[in-house]
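K.L.:
Structure file input_8.csv (CSV, C-alpha atoms) is given on the next line.
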chain,number,residue,atom,x,y,z
A,1,GLY,CA,44.6,81.4,32.6
A,2,VAL,CA,48.3,81.1,33.6
A,3,SER,CA,48.8,84.9,33.6
A,4,ASN,CA,45.6,85.2,35.6
A,5,VAL,CA,47.1,82.9,38.3
A,6,ILE,CA,50.5,84.7,38.4
A,7,VAL,CA,49.0,88.2,38.7
A,8,GLY,CA,46.3,87.1,41.2
A,9,MET,CA,48.4,84.8,43.4
A,10,PRO,CA,49.7,87.5,45.9
A,11,PHE,CA,46.1,88.5,46.7
A,12,ASP,CA,45.2,84.8,47.2
A,13,VAL,CA,48.1,84.1,49.5
A,14,VAL,CA,47.2,87.1,51.7
A,15,LYS,CA,43.5,86.0,51.7
A,16,THR,CA,44.3,82.5,52.8
A,17,ARG,CA,46.8,83.5,55.5
A,18,ALA,CA,44.3,86.0,56.9
A,19,GLN,CA,41.6,83.2,57.1
A,20,VAL,CA,43.8,81.0,59.3
A,21,THR,CA,45.5,83.8,61.4
A,22,PRO,CA,43.4,85.1,64.3
A,23,ASN,CA,42.9,88.8,64.6
A,24,ALA,CA,45.0,89.5,61.5
A,25,SER,CA,44.2,92.4,59.1
A,26,PHE,CA,45.1,92.5,55.4
A,27,PRO,CA,48.0,95.0,55.9
A,28,ALA,CA,49.4,93.0,58.8
A,29,VAL,CA,49.3,89.7,56.9
A,30,LEU,CA,51.0,91.3,53.9
A,31,SER,CA,53.7,92.9,56.0
A,32,HIS,CA,54.3,89.7,57.9
A,33,ILE,CA,54.8,87.7,54.6
A,34,LEU,CA,57.2,90.3,53.1
A,35,GLN,CA,59.3,90.5,56.3
A,36,ARG,CA,59.5,86.8,57.0
A,37,GLU,CA,59.5,85.3,53.5
A,38,GLY,CA,60.2,88.2,51.1
A,39,PRO,CA,58.3,88.9,47.8
A,40,ARG,CA,58.7,85.2,46.8
A,41,GLY,CA,56.3,84.3,49.6
A,42,LEU,CA,53.5,86.0,47.8
A,43,TRP,CA,53.6,83.4,45.1
A,44,ARG,CA,53.7,80.4,47.5
A,45,GLY,CA,51.6,77.5,46.1
A,46,VAL,CA,51.4,78.9,42.5
A,47,ALA,CA,52.4,75.7,40.7
A,48,GLY,CA,49.2,73.8,41.4
A,49,PRO,CA,46.8,76.5,40.1
A,50,ILE,CA,49.1,77.1,37.0
A,51,VAL,CA,48.4,73.5,36.1
A,52,ALA,CA,44.8,73.3,37.1
A,53,TYR,CA,43.4,76.8,36.4
A,54,PRO,CA,43.6,76.7,32.6
A,55,LEU,CA,41.8,73.3,32.7
A,56,ASP,CA,39.3,74.8,35.2
A,57,VAL,CA,38.5,77.7,32.8
A,58,CYS,CA,38.1,75.4,29.8
A,59,ILE,CA,35.7,73.1,31.6
A,60,ASN,CA,33.8,75.9,33.2
A,61,MET,CA,33.2,77.9,30.1
A,62,SER,CA,32.6,74.8,27.9
A,63,VAL,CA,30.1,73.2,30.2
A,64,TYR,CA,28.3,76.5,30.8
A,65,ALA,CA,28.0,77.2,27.0
A,66,GLU,CA,26.8,73.6,26.3
A,67,MET,CA,24.2,73.7,29.0
A,68,ARG,CA,22.9,77.0,27.8
A,69,ARG,CA,22.7,75.6,24.3
A,70,ARG,CA,20.8,72.5,25.5
A,71,MET,CA,18.3,74.7,27.4
A,72,ASP,CA,17.7,77.1,24.6
A,73,GLY,CA,14.2,76.9,23.3
A,74,THR,CA,12.7,75.8,26.6
A,75,ASP,CA,10.2,77.8,28.6
A,76,ASN,CA,12.7,78.8,31.2
A,77,LYS,CA,13.6,82.4,31.6
A,78,PRO,CA,17.2,83.4,30.7
A,79,PHE,CA,17.9,84.0,34.4
A,80,VAL,CA,17.0,80.4,35.2
A,81,VAL,CA,19.0,79.0,32.2
A,82,ASN,CA,22.1,80.9,33.2
A,83,ALA,CA,21.8,79.9,36.8
A,84,CYS,CA,21.3,76.2,36.0
A,85,ALA,CA,24.1,76.2,33.5
A,86,GLY,CA,26.5,77.8,36.0
A,87,ALA,CA,25.5,75.4,38.7
A,88,VAL,CA,26.2,72.4,36.5
A,89,SER,CA,29.6,73.8,35.4
A,90,GLY,CA,30.4,74.5,39.0
A,91,THR,CA,29.8,70.9,39.9
A,92,MET,CA,32.1,69.7,37.1
A,93,ILE,CA,35.0,72.0,37.9
A,94,THR,CA,35.0,71.0,41.6
A,95,ALA,CA,36.6,67.6,40.6
A,96,VAL,CA,39.5,69.5,39.1
A,97,THR,CA,40.0,72.3,41.5
A,98,THR,CA,39.8,70.5,44.8
A,99,PRO,CA,43.2,68.8,44.6
A,100,ALA,CA,44.8,72.0,43.3
A,101,GLU,CA,43.2,74.1,46.1
A,102,LEU,CA,44.3,71.6,48.7
A,103,VAL,CA,48.0,71.7,47.6
A,104,LYS,CA,47.9,75.5,47.3
A,105,THR,CA,46.3,75.9,50.7
A,106,THR,CA,48.7,73.4,52.3
A,107,LEU,CA,51.7,75.3,50.9
A,108,GLN,CA,50.4,78.7,51.8
A,109,THR,CA,49.6,77.8,55.4
A,110,ARG,CA,52.4,75.3,56.2
A,111,LYS,CA,54.8,78.2,56.3
A,112,LEU,CA,53.1,79.4,59.4
A,113,GLN,CA,53.8,76.1,61.1
A,114,ASN,CA,57.2,75.2,59.8
A,115,GLY,CA,59.1,78.4,60.0
A,116,ASN,CA,61.5,78.7,57.0
A,117,LYS,CA,61.1,75.1,55.8
A,118,ASP,CA,60.4,75.2,52.1
A,119,VAL,CA,58.3,72.4,50.7
A,120,GLY,CA,57.4,72.2,47.0
A,121,PRO,CA,54.1,71.3,45.4
A,122,PHE,CA,55.1,67.9,44.2
A,123,ASN,CA,56.5,66.9,47.7
A,124,THR,CA,53.3,68.2,49.2
A,125,LEU,CA,51.2,66.2,46.8
A,126,ARG,CA,53.2,63.1,47.5
A,127,ALA,CA,53.0,63.6,51.3
A,128,ILE,CA,49.2,64.0,51.1
A,129,VAL,CA,48.8,60.8,49.1
A,130,ASN,CA,51.2,58.8,51.4
A,131,ALA,CA,49.4,60.0,54.5
A,132,GLU,CA,45.8,59.8,53.4
A,133,GLY,CA,45.7,57.9,50.1
A,134,PRO,CA,44.5,59.2,46.7
A,135,LEU,CA,41.2,60.2,48.2
A,136,GLY,CA,43.0,62.5,50.6
A,137,LEU,CA,43.5,64.9,47.6
A,138,TYR,CA,39.7,65.6,47.9
A,139,ARG,CA,39.8,66.8,51.5
A,140,GLY,CA,37.4,69.7,51.6
A,141,PHE,CA,35.4,68.4,48.5
A,142,ALA,CA,32.0,69.0,50.2
A,143,ALA,CA,33.0,72.6,51.1
A,144,MET,CA,34.2,73.1,47.6
A,145,LEU,CA,30.9,72.0,46.2
A,146,LEU,CA,29.1,74.4,48.5
A,147,ARG,CA,31.3,77.1,47.2
A,148,GLU,CA,31.3,76.4,43.5
A,149,VAL,CA,27.8,75.3,42.7
A,150,PRO,CA,25.8,78.3,44.0
A,151,GLY,CA,28.8,80.6,43.5
A,152,ASN,CA,29.2,79.6,39.9
A,153,ALA,CA,25.4,80.0,39.3
A,154,LEU,CA,25.5,83.5,40.8
A,155,PHE,CA,28.8,84.3,38.9
A,156,PHE,CA,27.3,83.7,35.5
A,157,VAL,CA,23.9,85.2,36.2
A,158,SER,CA,25.6,88.4,37.5
A,159,TYR,CA,27.8,88.5,34.4
A,160,GLU,CA,25.1,88.0,31.8
A,161,GLU,CA,22.7,90.5,33.6
A,162,LEU,CA,25.3,93.2,34.2
A,163,LYS,CA,26.9,92.8,30.7
A,164,SER,CA,23.4,93.4,29.2
A,165,LEU,CA,22.7,96.3,31.4
A,166,VAL,CA,26.0,98.1,30.8
A,167,ARG,CA,25.8,97.4,27.1
A,168,GLN,CA,22.4,99.1,26.9
A,169,MET,CA,23.7,102.1,29.0
A,170,THR,CA,26.9,102.6,27.0
A,171,ASN,CA,26.1,101.1,23.6
A,172,SER,CA,29.5,99.3,23.9
A,173,GLU,CA,29.8,95.5,23.9
A,174,GLU,CA,33.4,95.7,25.1
A,175,THR,CA,32.5,97.9,28.1
A,176,GLY,CA,29.7,95.5,29.0
A,177,VAL,CA,32.1,92.5,29.0
A,178,VAL,CA,34.7,94.3,31.1
A,179,VAL,CA,32.3,95.7,33.7
A,180,GLY,CA,30.1,92.6,33.7
A,181,GLY,CA,33.1,90.3,34.2
A,182,GLY,CA,34.8,92.4,36.9
A,183,CYS,CA,31.6,92.9,38.9
A,184,ALA,CA,30.7,89.2,38.5
A,185,GLY,CA,34.0,88.2,40.1
A,186,ALA,CA,33.4,90.7,43.0
A,187,VAL,CA,29.9,89.3,43.5
A,188,TYR,CA,31.1,85.8,43.5
A,189,TRP,CA,33.8,86.3,46.1
A,190,THR,CA,31.5,88.4,48.3
A,191,ALA,CA,28.9,85.6,48.2
A,192,VAL,CA,31.2,82.6,48.8
A,193,MET,CA,33.6,84.1,51.4
A,194,PRO,CA,32.0,82.4,54.4
A,195,VAL,CA,32.2,79.0,52.7
A,196,ASP,CA,35.7,79.7,51.4
A,197,ALA,CA,36.7,80.4,55.0
A,198,ILE,CA,35.4,77.0,56.1
A,199,LYS,CA,37.0,75.3,53.1
A,200,THR,CA,40.4,76.8,54.0
A,201,ARG,CA,40.1,75.7,57.6
A,202,ILE,CA,39.3,72.1,56.5
A,203,GLN,CA,42.2,71.9,54.0
A,204,ALA,CA,44.7,73.5,56.4
A,205,ALA,CA,43.7,71.4,59.4
A,206,ARG,CA,46.5,68.8,59.0
A,207,CYS,CA,49.0,71.7,58.7
A,208,ALA,CA,48.0,72.9,62.1
A,209,GLY,CA,48.7,69.4,63.6
A,210,THR,CA,45.2,68.1,63.6
A,211,SER,CA,45.3,64.3,63.2
A,212,THR,CA,41.6,63.9,62.1
A,213,THR,CA,39.7,65.3,59.2
A,214,MET,CA,37.7,68.4,60.1
A,215,GLY,CA,34.1,68.5,59.1
A,216,ILE,CA,32.2,71.5,57.8
A,217,PHE,CA,30.3,72.2,61.0
A,218,GLN,CA,33.4,71.9,63.1
A,219,ALA,CA,35.3,74.3,60.8
A,220,ALA,CA,32.4,76.8,60.9
A,221,GLN,CA,32.4,76.6,64.7
A,222,ASN,CA,36.1,77.3,64.8
A,223,VAL,CA,35.8,80.3,62.5
A,224,TYR,CA,32.9,81.7,64.5
A,225,ARG,CA,34.7,81.2,67.8
A,226,GLU,CA,37.7,83.2,66.7
A,227,GLY,CA,35.8,86.3,65.5
A,228,GLY,CA,32.1,85.9,65.2
A,229,LEU,CA,30.4,86.5,61.8
A,230,ARG,CA,33.1,89.0,60.8
A,231,ALA,CA,35.6,86.1,60.8
A,232,PHE,CA,33.8,84.5,57.8
A,233,PHE,CA,34.7,87.5,55.7
A,234,LYS,CA,38.4,87.7,56.6
A,235,GLY,CA,40.4,88.1,53.4
A,236,TRP,CA,37.5,89.7,51.5
A,237,VAL,CA,39.5,92.8,50.5
A,238,PRO,CA,42.3,91.0,48.7
A,239,ALA,CA,39.8,88.5,47.2
A,240,VAL,CA,37.7,91.3,45.6
A,241,ALA,CA,40.8,93.3,44.7
A,242,ARG,CA,42.0,90.4,42.7
A,243,ALA,CA,38.6,89.3,41.4
A,244,PHE,CA,37.6,92.5,39.4
A,245,PRO,CA,40.6,92.8,37.1
A,246,ALA,CA,41.2,89.1,36.8
A,247,ASN,CA,37.6,88.3,35.7
A,248,ALA,CA,37.3,91.4,33.5
A,249,ALA,CA,40.4,90.1,31.7
A,250,LEU,CA,39.0,86.5,31.7
A,251,PHE,CA,35.7,87.4,30.0
A,252,THR,CA,37.4,89.7,27.6
A,253,VAL,CA,39.6,86.9,26.4
A,254,VAL,CA,36.7,84.4,26.4
A,255,GLU,CA,34.4,86.6,24.4
A,256,SER,CA,37.1,87.6,21.9
A,257,THR,CA,38.2,84.0,21.4
A,258,ARG,CA,34.5,83.0,20.9
A,259,ASP,CA,33.9,85.7,18.3
A,260,ALA,CA,37.2,84.8,16.5
A,261,LEU,CA,36.2,81.2,16.3
A,262,CYS,CA,32.7,82.0,15.1
A,263,SER,CA,34.1,84.2,12.4
A,264,PHE,CA,36.6,81.5,11.4
A,265,ASN,CA,33.9,78.8,11.1
A,266,GLN,CA,31.6,81.0,8.9
For this file, write the structure as structure tokens.

P.N.:
Amino acid sequence: GVSNVIVGMPFDVVKTRAQVTPNASFPAVLSHILQREGPRGLWRGVAGPIVAYPLDVCINMSVYAEMRRRMDGTDNKPFVVNACAGAVSGTMITAVTTPAELVKTTLQTRKLQNGNKDVGPFNTLRAIVNAEGPLGLYRGFAAMLLREVPGNALFFVSYEELKSLVRQMTNSEETGVVVGGGCAGAVYWTAVMPVDAIKTRIQAARCAGTSTTMGIFQAAQNVYREGGLRAFFKGWVPAVARAFPANAALFTVVESTRDALCSFNQ
């Protein structure tokens, strides 16, 4: 989980900056970060995800597996079982990921407003709590739910279906896991990019000097006003570029660990 965050953070930083920068392309955002902040700027906000992401993965995979186990033997089709299990696990992880996403987004976008002022994750966390109270850490929670619940359902359905299909075509379990995991990540980010753009606007609103909390509809209007429907998919390239290798590696580790534990318990 930690290595996944470290490797994928540069792509995430570029995605987030692109979402809050009008008329900015992926190469332009990347060039701007390197010129103004150096390579270190590509890992801005990494501390929060390093703490939260391993817990996120543990909860996500554990809840998904438990929900599938509980629904085994029912009359529901595997597609429905996987979708329902993914949706439930998506609901659970939102409670963990929202504060981490808020701190990460605040750090990644504050640089645009404060020049070279460097603010760490713990100072950012303290500032949010002092200004808005503990519930302020859940700014953007509704948008996160809209992203994680259907997104997670689609993520696990895509993984299970593609893994099975590739395994049948290649007679290789490992290839099915790698291709299924990578494609599931790409499908997830393609599907949730519009909601992620809205979520980023909501969580970055205070950084832009807005004194009131921005709602989902207001954030969506702001995104659309700046670039129409295309603006909802800003940052898609770095998001998918990160998603395929990261999730291929994630499911490879998860499946290998599960097989090792099963062998150990027998």

K.L.:
Which is closest to Asp12 in chain A among A:Ile59, A:Ala243, A:Met92, A:Val166, if we use all atoms listed in the file?

P.N.:
A:Ala243

K.L.:
Which residue is closest to Ala197 in chain A? Choose from A:Pro150, A:Gly227, A:Gly235, A:Gly182 and count all atoms listed in the file.

P.N.:
A:Gly235

K.L.:
Rank nothing, just name the residue among A:Val253, A:Ala131, A:Ile33, A:Val88 nearest to Leu145 in chain A, using only C-alpha atoms.

P.N.:
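Looking at the shortest contact to Leu145 in chain A, the residue is A:Val88.
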
K.L.:
I'd like the interatomic distance between CA of Ala18 in chain A and CA of Phe233 in chain A, to a tenth of an Å.

P.N.:
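A separation of 9.8 Å between them.
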
K.L.:
Could you name the residues that touch Gly86 in chain A at 6 Å or less, counting all atoms listed in the file, but leaving out those on the same chain fewer than 4 positions away, as a PyMOL selection string?

P.N.:
chain A and resi 64+90+152-153+156

K.L.:
Up to 10 Å from (43.1, 88.5, 53.8) in the file's coordinates: name the residues, counting all atoms listed in the file, as a list in words.

P.N.:
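Neighbouring residues, ordered by chain and number, come to Phe11, Asp12, Val13, Val14, Lys15, Thr16, Arg17, Ala18, Gln19, Val20, Thr21, Ala24, Ser25, Phe26, Pro27, Ala28, Val29, Leu30, Phe233, Lys234, Gly235, Trp236, Val237, Pro238 and Ala239 of chain A.
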
K.L.:
Using CA of Ala47 in chain A and CA of Met9 in chain A as the two end points, give the distance in Å to one decimal.

P.N.:
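According to the coordinates, CA of Ala47 in chain A and CA of Met9 in chain A are separated by 10.3 Å.
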
K.L.:
Using only C-alpha atoms, find the one residue out of A:Ala142, A:Leu107, A:Val149, A:Leu42 that sits nearest to Phe217 in chain A.

P.N.:
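Selected residue with least distance to Phe217 in chain A: A:Ala142.
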
K.L.:
Please, what distance in Å, to one decimal, runs between CA of Asn60 in chain A and CA of Val46 in chain A?

P.N.:
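Taking CA of Asn60 in chain A as the start and CA of Val46 in chain A as the end point, the length is 20.1 Å.
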
K.L.:
Set the distance at 8 Å and use all atoms listed in the file: which residues neighbour Asp72 in chain A once local chain neighbours fewer than 3 positions away are removed? I'd like the list as a list in words.

P.N.:
Arg68, Arg69 and Val81 of chain A

K.L.:
Pick from A:Thr74, A:Ser263, A:Thr190, A:Thr200: nearest to Gly151 in chain A, with all atoms listed in the file counted?

P.N.:
A:Thr190

K.L.:
Of the candidates A:Pro54, A:Pro39, A:Lys77, A:Ala100, which shows the shortest atom-to-atom distance to Leu250 in chain A, using all atoms listed in the file?

P.N.:
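When distances to Leu250 in chain A are compared using all atoms listed in the file, the smallest one comes from A:Pro54.
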
K.L.:
Mind listing as a PyMOL selection string all residues within 8 Å of (28.7, 93.3, 34.2), counting only C-alpha atoms?

P.N.:
chain A and resi 158-166+176-184

K.L.:
Got a sec: who's within 7 Å of Val157 in chain A, counting all atoms listed in the file, leaving out chain neighbours fewer than 5 positions off, as an NGL selection string?

P.N.:
:A and (79 or 82-83)

K.L.:
So that I can check the surroundings of Val195 in chain A, please list as a count of residues only every protein, DNA and RNA residue that reaches within 9 Å of it, counting all atoms listed in the file and ignoring chain neighbours fewer than 5 positions away.

P.N.:
7

K.L.:
Might you pull out every residue within 9 Å of Gly140 in chain A, with only C-alpha atoms counted and same-chain residues fewer than 2 positions away left off, and present them as a list in words?

P.N.:
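Contacts, in chain order: Thr98, Leu102, Leu137, Tyr138, Ala142, Ala143, Met144, Leu145, Ile198, Lys199, Thr200, Arg201, Ile202, Gln203, Met214, Gly215 and Ile216 of chain A.
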